[in-house]
Every structure is written in structure tokens, then in C-alpha cells.
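Text of the file protein-v6.txt, holding compact mmCIF, C-alpha atoms and all ligand atoms:
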# COMPACT_ATOMS: atom_id res chain seq x y z
CA MET A 1181 95.23 99.30 133.39
CA GLU A 1182 98.40 100.25 131.49
CA LEU A 1183 98.38 103.18 129.08
CA GLY A 1184 98.71 100.93 126.02
CA GLU A 1185 95.77 98.82 127.12
CA ARG A 1186 93.64 101.93 127.57
CA ILE A 1187 94.55 103.18 124.08
CA ILE A 1188 93.69 99.80 122.56
CA GLU A 1189 90.41 99.71 124.48
CA ILE A 1190 89.47 103.13 123.07
CA ALA A 1191 90.22 102.01 119.49
CA MET A 1192 88.27 98.76 119.88
CA GLY A 1193 85.40 100.66 121.48
CA ASN A 1194 85.30 102.88 118.40
CA GLY A 1195 84.89 99.91 116.10
CA ALA A 1196 88.38 98.58 115.33
CA THR A 1197 88.55 94.81 114.88
CA LEU A 1198 92.19 94.76 115.97
CA ALA A 1199 94.40 97.36 117.66
CA GLY A 1200 98.02 97.33 118.79
CA ILE A 1201 101.09 99.45 119.42
CA ALA A 1202 104.41 99.56 117.53
CA SER A 1203 107.46 101.67 118.31
CA VAL A 1204 108.57 104.24 115.74
CA GLU A 1205 112.22 103.19 116.11
CA ALA A 1206 111.32 99.59 115.15
CA ILE A 1207 109.23 100.78 112.18
CA LYS A 1208 112.13 102.89 110.86
CA VAL A 1209 114.31 99.77 110.51
CA SER A 1210 111.58 97.40 109.29
CA ALA A 1211 112.07 95.62 105.94
CA SER A 1212 109.91 97.87 103.73
CA HIS A 1213 111.15 101.12 105.21
CA THR A 1214 114.77 100.04 104.84
CA ILE A 1215 114.39 99.19 101.17
CA TYR A 1216 112.00 102.00 100.26
CA ILE A 1217 114.66 104.50 99.22
CA LYS A 1218 115.95 102.05 96.57
CA MET A 1219 112.57 101.32 95.06
CA GLY A 1220 112.23 103.76 92.18
CA ASN A 1221 108.70 105.03 91.51
CA TYR A 1222 106.57 103.55 94.26
CA ALA A 1223 103.25 104.78 92.84
CA GLY A 1224 100.96 101.80 92.27
CA VAL A 1225 97.86 101.30 90.13
CA GLY A 1226 95.39 104.04 90.97
CA THR A 1227 97.96 106.17 92.80
CA VAL A 1228 97.91 109.82 91.81
CA LYS A 1229 101.51 110.91 91.61
CA ASP A 1230 102.21 114.22 93.29
CA ASP A 1231 104.80 116.04 91.19
CA ALA A 1232 105.56 118.31 94.12
CA LEU A 1233 107.15 115.36 95.90
CA PRO A 1234 110.46 113.89 94.76
CA ASP A 1235 110.57 110.13 94.23
CA ASN A 1236 111.38 108.09 97.32
CA GLN A 1237 111.17 111.03 99.69
CA LEU A 1238 110.35 109.52 103.05
CA PHE A 1239 108.43 111.94 105.18
CA THR A 1240 110.47 113.10 108.16
CA TRP A 1241 108.49 112.17 111.20
CA PRO A 1242 108.76 114.61 114.13
CA ASP A 1243 111.08 113.47 116.95
CA SER A 1244 108.14 113.83 119.33
CA VAL A 1245 106.40 110.85 117.69
CA LYS A 1246 107.43 107.78 119.68
CA SER A 1247 104.77 105.15 119.05
CA VAL A 1248 102.16 104.19 116.51
CA LEU A 1249 98.67 102.89 117.17
CA VAL A 1250 97.77 100.44 114.40
CA ILE A 1251 94.15 99.48 113.86
CA GLY A 1252 92.57 96.86 111.62
CA LEU A 1253 89.03 96.57 110.28
CA SER A 1254 87.62 93.21 109.20
CA HIS A 1255 86.87 93.00 105.46
CA PRO A 1256 85.09 89.64 105.23
CA GLU A 1257 84.30 87.84 101.99
CA ASP A 1258 80.55 88.34 102.52
CA LYS A 1259 80.99 92.14 102.60
CA PRO A 1260 83.02 92.69 99.42
CA GLU A 1261 81.59 96.18 99.00
CA LEU A 1262 83.83 97.40 101.84
CA ASP A 1263 86.77 97.07 99.45
CA TRP A 1264 85.23 98.43 96.25
CA TRP A 1265 87.07 101.48 94.91
CA ASP A 1266 84.55 104.18 94.01
CA GLY A 1267 86.77 107.03 92.86
CA ARG A 1268 87.00 108.57 96.34
CA GLY A 1269 88.47 105.52 98.04
CA THR A 1270 86.71 102.53 99.55
CA PRO A 1271 83.86 102.39 102.09
CA GLY A 1272 86.10 100.32 104.38
CA ASN A 1273 88.83 102.92 104.36
CA ARG A 1274 86.32 105.67 105.16
CA ILE A 1275 85.20 103.67 108.20
CA LEU A 1276 88.84 103.28 109.24
CA ILE A 1277 89.43 107.02 108.92
CA ASP A 1278 86.37 107.71 111.06
CA ILE A 1279 87.56 105.27 113.74
CA ILE A 1280 91.01 106.90 113.74
CA LYS A 1281 89.54 110.41 114.07
CA ARG A 1282 87.29 109.49 117.00
CA THR A 1283 90.09 107.52 118.66
CA SER A 1284 92.50 110.43 118.26
CA GLN A 1285 90.06 112.84 119.93
CA LYS A 1286 89.40 110.49 122.81
CA ILE A 1287 93.11 109.78 123.42
CA GLU A 1288 93.93 113.50 123.42
CA ASN A 1289 90.99 114.43 125.66
CA SER A 1290 91.03 111.59 128.17
CA LEU A 1291 94.70 110.55 128.24
CA ASN A 1292 96.31 113.89 127.39
CA ILE A 1293 98.55 112.33 124.73
CA LYS A 1294 99.21 114.33 121.56
CA THR A 1295 98.34 112.39 118.41
CA SER A 1296 98.73 113.04 114.69
CA MET A 1297 97.11 111.53 111.62
CA LEU A 1298 99.16 109.84 108.92
CA HIS A 1299 98.63 110.08 105.20
CA TYR A 1300 97.70 106.76 103.59
CA TYR A 1301 100.55 107.00 101.09
CA VAL A 1302 104.11 106.52 102.31
CA GLU A 1303 105.45 109.23 100.00
CA LYS A 1304 103.09 111.71 101.66
CA GLY A 1305 103.93 110.95 105.28
CA GLY A 1306 102.46 107.51 105.83
CA ILE A 1307 104.16 104.34 106.96
CA PHE A 1308 104.25 100.82 105.57
CA LEU A 1309 101.21 99.57 107.44
CA LYS A 1310 101.89 95.84 107.04
CA ASP A 1311 105.31 96.20 108.68
CA ALA A 1312 103.78 98.29 111.47
CA ALA A 1313 100.99 95.75 111.96
CA VAL A 1314 103.46 92.88 112.32
CA LEU A 1315 105.42 94.91 114.87
CA ALA A 1316 102.17 95.67 116.71
CA GLY A 1317 101.49 91.93 117.03
CA PHE A 1318 98.73 91.52 114.44
CA GLY A 1319 100.34 88.49 112.74
CA CYS A 1320 102.89 87.84 110.00
CA ILE A 1321 103.51 88.52 106.31
CA GLY A 1322 102.11 85.55 104.41
CA LYS A 1323 103.14 83.84 101.20
CA ASN A 1324 100.48 85.90 99.40
CA ASN A 1325 102.41 89.08 100.32
CA MET A 1326 99.61 90.18 102.66
CA LEU A 1327 99.39 90.60 106.41
CA ILE A 1328 97.89 87.40 107.85
CA THR A 1329 96.20 87.59 111.23
CA PRO A 1330 95.10 84.68 113.45
CA SER A 1331 91.56 86.06 113.74
CA ASN A 1332 90.81 87.36 110.24
CA GLY A 1333 93.51 85.89 108.02
CA PRO A 1334 94.36 88.48 105.32
CA ARG A 1335 90.78 89.81 105.21
CA ILE A 1336 91.58 92.95 107.14
CA ARG A 1337 92.54 96.52 106.25
CA LEU A 1338 94.78 98.84 108.24
CA ARG A 1339 95.22 102.41 109.38
CA ALA A 1340 97.48 104.04 111.99
CA LEU A 1341 97.84 107.00 114.33
CA PHE A 1342 101.05 108.62 115.62
CA LEU A 1343 101.36 108.99 119.40
CA ASN A 1344 103.70 111.37 121.21
CA ALA A 1345 104.32 108.90 124.00
CA GLU A 1346 106.52 105.89 124.61
CA ILE A 1347 104.07 103.01 124.83
CA HIS A 1348 105.16 99.40 125.25
CA PRO A 1349 104.81 97.58 121.88
CA THR A 1350 102.25 94.77 121.68
CA GLY A 1351 104.20 92.59 119.22
CA PRO A 1352 105.51 90.89 117.25
CA ILE A 1353 103.92 87.50 117.93
CA ALA A 1354 104.87 83.93 116.97
CA PHE A 1355 102.39 83.04 114.20
CA ASP A 1356 102.98 81.41 110.83
CA PRO A 1357 100.04 79.68 109.15
CA CYS A 1358 101.99 79.38 105.88
CA SER A 1359 104.54 76.90 107.23
CA ASP A 1360 102.14 73.94 107.04
CA CYS A 1361 99.75 75.24 104.37
CA LYS A 1362 99.36 73.86 100.84
CA VAL A 1363 99.94 77.40 99.59
CA TYR A 1364 96.55 77.84 97.97
CA CYS A 1365 97.19 81.54 97.42
CA ARG A 1366 99.95 80.98 94.86
CA LYS A 1367 97.98 78.38 92.92
CA VAL A 1368 94.83 80.48 92.59
CA CYS A 1369 96.49 83.57 91.09
CA PRO A 1370 95.15 84.15 87.53
CA GLU A 1371 98.35 85.95 86.54
CA ASN A 1372 100.83 83.57 88.20
CA ALA A 1373 102.24 86.53 90.07
CA MET A 1374 103.74 84.34 92.79
CA ASP A 1375 105.37 81.62 90.71
CA GLU A 1376 108.91 82.97 90.76
CA LYS A 1377 111.13 85.17 92.83
CA ALA A 1378 111.02 88.73 91.60
CA PRO A 1379 112.59 92.04 92.55
CA ILE A 1380 110.16 94.62 93.88
CA PHE A 1381 110.91 96.65 90.78
CA LYS A 1382 112.72 95.58 87.65
CA SER A 1383 115.22 98.37 88.28
CA ASN A 1384 116.08 96.87 91.65
CA ALA A 1385 118.21 93.89 92.51
CA PHE A 1386 116.35 91.08 94.26
CA SER A 1387 116.14 91.54 98.00
CA GLU A 1388 116.26 88.46 100.21
CA ARG A 1389 113.75 90.11 102.55
CA LEU A 1390 111.22 91.51 100.11
CA PRO A 1391 108.74 91.40 98.47
CA GLY A 1392 106.57 89.52 100.90
CA ARG A 1393 108.28 86.94 103.03
CA ASP A 1394 110.51 85.22 100.47
CA GLY A 1395 110.52 87.24 97.26
CA PHE A 1396 107.88 85.11 95.49
CA TYR A 1397 105.63 87.97 94.52
CA ASP A 1398 105.82 90.02 91.35
CA ARG A 1399 104.10 93.31 91.97
CA GLU A 1400 104.16 94.31 88.32
CA VAL A 1401 102.44 91.07 87.27
CA CYS A 1402 99.79 91.54 89.96
CA ASN A 1403 99.35 95.08 88.64
CA VAL A 1404 98.44 93.59 85.24
CA ARG A 1405 95.38 92.02 86.91
CA MET A 1406 94.60 95.33 88.63
CA GLU A 1407 94.68 97.14 85.28
CA LYS A 1408 92.22 94.55 83.94
CA ASP A 1409 90.02 95.12 86.99
CA VAL A 1410 90.03 98.86 86.23
CA ALA A 1411 89.10 98.16 82.59
CA GLU A 1412 86.25 95.87 83.73
CA SER A 1413 84.85 98.38 86.24
CA ALA A 1414 81.26 99.48 85.86
CA ILE A 1415 78.78 101.98 87.23
CA ILE A 1416 76.63 100.29 89.88
CA ASN A 1417 73.71 101.29 92.10
CA SER A 1418 72.86 104.25 89.84
CA GLY A 1419 76.02 106.03 90.93
CA THR A 1420 78.10 108.26 88.69
CA GLN A 1421 81.53 106.72 89.30
CA HIS A 1422 82.85 103.42 88.03
CA THR A 1423 83.29 100.94 90.87
CA ILE A 1424 86.47 98.87 90.71
CA LYS A 1425 86.42 95.42 92.28
CA TYR A 1426 90.11 94.59 92.58
CA CYS A 1427 91.22 90.98 92.55
CA ARG A 1428 91.24 89.35 96.00
CA ARG A 1429 91.59 85.70 94.97
CA CYS A 1430 94.81 85.11 96.93
CA GLU A 1431 93.16 86.72 99.94
CA PHE A 1432 89.81 84.90 99.91
CA VAL A 1433 91.36 81.46 99.33
CA CYS A 1434 93.60 81.74 102.40
CA PRO A 1435 92.34 79.40 105.15
CA ALA A 1436 93.91 81.45 107.98
CA GLY A 1437 91.33 83.01 110.27
CA LYS A 1438 88.34 81.28 108.68
CA LYS A 1439 87.79 78.91 111.62
CA THR A 1440 87.27 81.80 114.03
CA GLY A 1441 84.14 82.88 112.18
CA ARG A 1442 85.33 86.49 112.15
CA GLN A 1443 87.09 86.33 108.77
S1 LIG A 1501 96.96 80.44 101.56
FE1 LIG A 1501 98.39 79.39 102.95
S2 LIG A 1501 100.46 79.93 102.21
FE2 LIG A 1501 98.99 81.41 101.33
S3 LIG A 1501 99.00 83.14 102.77
FE3 LIG A 1501 97.30 81.78 103.36
S4 LIG A 1501 98.21 80.43 104.93
FE4 LIG A 1501 99.93 81.38 103.83
S1 LIG A 1502 95.59 90.02 93.91
FE1 LIG A 1502 95.00 88.55 92.24
S2 LIG A 1502 96.52 88.95 90.62
FE2 LIG A 1502 97.36 89.86 92.51
S3 LIG A 1502 98.63 88.26 93.40
FE3 LIG A 1502 96.58 88.03 94.33
S4 LIG A 1502 95.51 86.54 93.05
FE4 LIG A 1502 97.29 87.27 91.88

Can I see the file as C-alpha cells?
Ligand code: SF4
Ligand code: SF4
Amino acid sequence: MELGERIIEIAMGNGATLAGIASVEAIKVSASHTIYIKMGNYAGVGTVKDDALPDNQLFTWPDSVKSVLVIGLSHPEDKPELDWWDGRGTPGNRILIDIIKRTSQKIENSLNIKTSMLHYYVEKGGIFLKDAAVLAGFGCIGKNNMLITPSNGPRIRLRALFLNAEIHPTGPIAFDPCSDCKVYCRKVCPENAMDEKAPIFKSNAFSERLPGRDGFYDREVCNVRMEKDVAESAIINSGTQHTIKYCRRCEFVCPAGKKTGRQ
């Protein structure tokens, strides 16, 4: 078994729904990473801005990092609680972090490959996970601006691990469910965030490559809905924190991956 296959087997054995390998060199020239330095303030709704970090400062990844293991965890419609923001993050992301930690230990101990964790936020050392997932062969960027996978559609969340080893990439793959779809995602949006082409930020000229696959996604308009979701949050299950149930309409309506039963 090749090294990449063994790494993927370890990640899947630890609970990942999907796992794949992308090369760091390919990630550095991917669409989001190329445009990132022109973006202005990248902090989104709910992001705590770290004043110690200058705007648009991409973390300098060590030269020793050659590959990235990308993992995905299914977030099906019938388990919405995986995606509920509870002030500390989401339950789904905590599961992903646990899978990454156990996978890191096993790779270091059994394969003798040095690994390092990534911060979730790009401005703190992370990577654009959707770009990395496409390069790792998970699927494509859909017309709803999300990663779309053959097995789970967009109902999947991502995490990654740096590897100090050249591992053969597992993607990209030929997959495009949007090409013959009636584009349900854009019709269902309560804010009409995907009705027109929009720059990623108003301060930025429109990019032919981003946002999403064709520029028909207005992040600031989508953020209006997210602000409403924050305002409508409530304390549930006798907890002490408000739980935010962010809008997922354009995700749940997507037919991709529903036939597999894995969602
Ligand atoms: S609903 Fe259709 S057009 Fe939208 S992301 Fe899913 S497959 Fe693509
Ligand atoms: S998350 Fe909701 S508001 Fe944002 S683009 Fe999707 S459907 Fe529209």
C-alpha cells in the first residue's frame, strides 16, 4: 500500500467521512490563496479579530511542509446540531479536531512522518479548506459557493493537517453536478445573495475566478442573514450560551449526494 493510501486509511479509521491529499505548492497558487492578499478585512461574522495580526497576513508555512491531509466529516440534514454554534465552536468541528489529533499521533508514530496542526482561520496559519479539498479530490466548488462532493453534496465540514512529506495528491477529480442542475440553491436564498455577480468585498474589483465558481455570490448579503441568525439565537437544553443556527438553505436544498444516502 502506498504512503498516501495508508495516511487516508488512518484518517478514515479515526472517523473521517472523506480523506485526501493535496500538495502545498498547488494550494499556494489556488484561487482563494492568490486573491487573499487583496481582500481587505477577511474577518467574517463571528470571527474575533486578533489585533496582533496585520490584515491579510498570510502565515508563512515552513518549507518542510510539503503536503496537506484534508479530512471531511458528514453534516447531514438530520443531524443539524453538529453545525450549531455554541460560543465555543460547533460540535462537528470538535469531532473534526479530535479526528485530526488522533490521526496526527498515529501518522507520526507508525509512519514516522512529522505533522503539524493548522489554525482554523487563514489569518492565523490556516489554509482555504475548500480550495485544498478540491485539490485533494473531494469534488468541486458549486454554484452555492460551497464545496460539493459526490457522496455528501455540500453537507460536509473540513479540517486539515500539514505533512512533512511529499505525498502524491489524490485530486482534483472531474465532477460538476451544477452543470445540469436547475440551480435550486440560488432560488432558495432568503436574501437573494446569489442573484448577481459581486466582488468578494466592495473594496475589491470583481474577480473572474471568485467568489465561488462564477462570481454569483455576495458574501456581505449572506452575512446579513447570518447577523439575523445571531439575533434569533436562543439558549437551548438548559445551557448557558446562546446557540446560533446559521442558515443552511442553499446547502440543504442541493440534490448532490442525496442519492447515496450518506448526505
Ligand atoms: S443546488 Fe444545483 S447548482 Fe446549486 S450547488 Fe447544488 S448542484 Fe450546484
Ligand atoms: S447561507 Fe442562506 S443567506 Fe447565505 S447564501 Fe445560503 S441561503 Fe443565502

Residues within 9 Å of ligand LIG 1501 (chain A), counting all atoms listed in the file, as a PDB file with C-alpha atoms, in the frame of the given file:
ATOM      1  CA  ILE A1321     103.510  88.520 106.310  1.00  0.00           C
ATOM      2  CA  GLY A1322     102.110  85.550 104.410  1.00  0.00           C
ATOM      3  CA  LYS A1323     103.140  83.840 101.200  1.00  0.00           C
ATOM      4  CA  ASN A1324     100.480  85.900  99.400  1.00  0.00           C
ATOM      5  CA  ASN A1325     102.410  89.080 100.320  1.00  0.00           C
ATOM      6  CA  MET A1326      99.610  90.180 102.660  1.00  0.00           C
ATOM      7  CA  LEU A1327      99.390  90.600 106.410  1.00  0.00           C
ATOM      8  CA  ILE A1328      97.890  87.400 107.850  1.00  0.00           C
ATOM      9  CA  GLY A1333      93.510  85.890 108.020  1.00  0.00           C
ATOM     10  CA  PRO A1334      94.360  88.480 105.320  1.00  0.00           C
ATOM     11  CA  ASP A1356     102.980  81.410 110.830  1.00  0.00           C
ATOM     12  CA  PRO A1357     100.040  79.680 109.150  1.00  0.00           C
ATOM     13  CA  CYS A1358     101.990  79.380 105.880  1.00  0.00           C
ATOM     14  CA  SER A1359     104.540  76.900 107.230  1.00  0.00           C
ATOM     15  CA  ASP A1360     102.140  73.940 107.040  1.00  0.00           C
ATOM     16  CA  CYS A1361      99.750  75.240 104.370  1.00  0.00           C
ATOM     17  CA  LYS A1362      99.360  73.860 100.840  1.00  0.00           C
ATOM     18  CA  VAL A1363      99.940  77.400  99.590  1.00  0.00           C
ATOM     19  CA  TYR A1364      96.550  77.840  97.970  1.00  0.00           C
ATOM     20  CA  CYS A1365      97.190  81.540  97.420  1.00  0.00           C
ATOM     21  CA  ARG A1366      99.950  80.980  94.860  1.00  0.00           C
ATOM     22  CA  LYS A1367      97.980  78.380  92.920  1.00  0.00           C
ATOM     23  CA  CYS A1430      94.810  85.110  96.930  1.00  0.00           C
ATOM     24  CA  GLU A1431      93.160  86.720  99.940  1.00  0.00           C
ATOM     25  CA  PHE A1432      89.810  84.900  99.910  1.00  0.00           C
ATOM     26  CA  VAL A1433      91.360  81.460  99.330  1.00  0.00           C
ATOM     27  CA  CYS A1434      93.600  81.740 102.400  1.00  0.00           C
ATOM     28  CA  PRO A1435      92.340  79.400 105.150  1.00  0.00           C
ATOM     29  CA  ALA A1436      93.910  81.450 107.980  1.00  0.00           C
TER      30      ALA A1436
END

Could you list the protein, DNA and RNA residues that have any atom within 8 Å of ligand LIG 1502 (chain A), counting only C-alpha atoms and all ligand atoms, and write them as a ChimeraX atom specification?
/A:1324-1325,1365-1366,1368-1374,1397-1399,1401-1406,1426-1431

Could you tell me how far CA of Lys1408 (chain A) lies from CA of Ile1215 (chain A), in Å and to one decimal?
28.5 Å

Within 7 Å of region 1260-1266 of chain A using all atoms listed in the file, minus same-chain residues under 5 positions, as a tab-separated table (two decimals) with C-alpha atoms, in the frame of the given file:
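File out.tsv, as written:
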chain	number	residue	atom	x	y	z
A	1255	HIS	CA	86.87	93.00	105.46
A	1271	PRO	CA	83.86	102.39	102.09
A	1272	GLY	CA	86.10	100.32	104.38
A	1421	GLN	CA	81.53	106.72	89.30
A	1422	HIS	CA	82.85	103.42	88.03
A	1423	THR	CA	83.29	100.94	90.87
A	1424	ILE	CA	86.47	98.87	90.71
A	1425	LYS	CA	86.42	95.42	92.28

Nearby residues (only C-alpha atoms) at most 7 Å from region 1281-1290 of chain A, same-chain spacing under 6 positions excluded, as a compact mmCIF listing (two decimals) with C-alpha atoms, in the coordinates of the input:
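Listing of out-v2.txt after writing:
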# COMPACT_ATOMS: atom_id res chain seq x y z
CA ILE A 1187 94.55 103.18 124.08
CA ILE A 1190 89.47 103.13 123.07
CA ALA A 1191 90.22 102.01 119.49
CA ASN A 1194 85.30 102.88 118.40

Which residues, written as a ChimeraX atom specification, have at least one atom at most 10 Å from Ile1307 (chain A), with all atoms listed in the file counted and residues fewer than 2 positions away on the same chain left out?
/A:1204,1207-1208,1212-1213,1238-1239,1241,1248,1298-1305,1309-1312,1339-1340

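Note that the spacing between CA of Phe1318 (chain A) and CA of Pro1349 (chain A) amounts to 11.4 Å.
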
Gap from CA of Leu1343 (chain A) to CA of Glu1205 (chain A) - Å, one decimal
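CA of Leu1343 (chain A) sits 12.7 Å away from CA of Glu1205 (chain A).
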
Distance query 9 Å from (93.3, 100.7, 116.2) using only C-alpha atoms, result as a ChimeraX atom specification
/A:1187-1192,1194-1201,1249-1253,1276,1279-1280,1283,1338-1341

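Nearest residue to Pro1242 (chain A), choosing from A:Gly1437, A:Thr1295, A:Leu1183, A:Ile1277 and counting only C-alpha atoms: A:Thr1295.
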
When you count only C-alpha atoms, which of these residues is closest to Ile1293 (chain A): A:Ile1336, A:Ala1313, A:Val1245, A:Ala1345?
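The shortest atom-to-atom distance to Ile1293 (chain A) comes from A:Ala1345.
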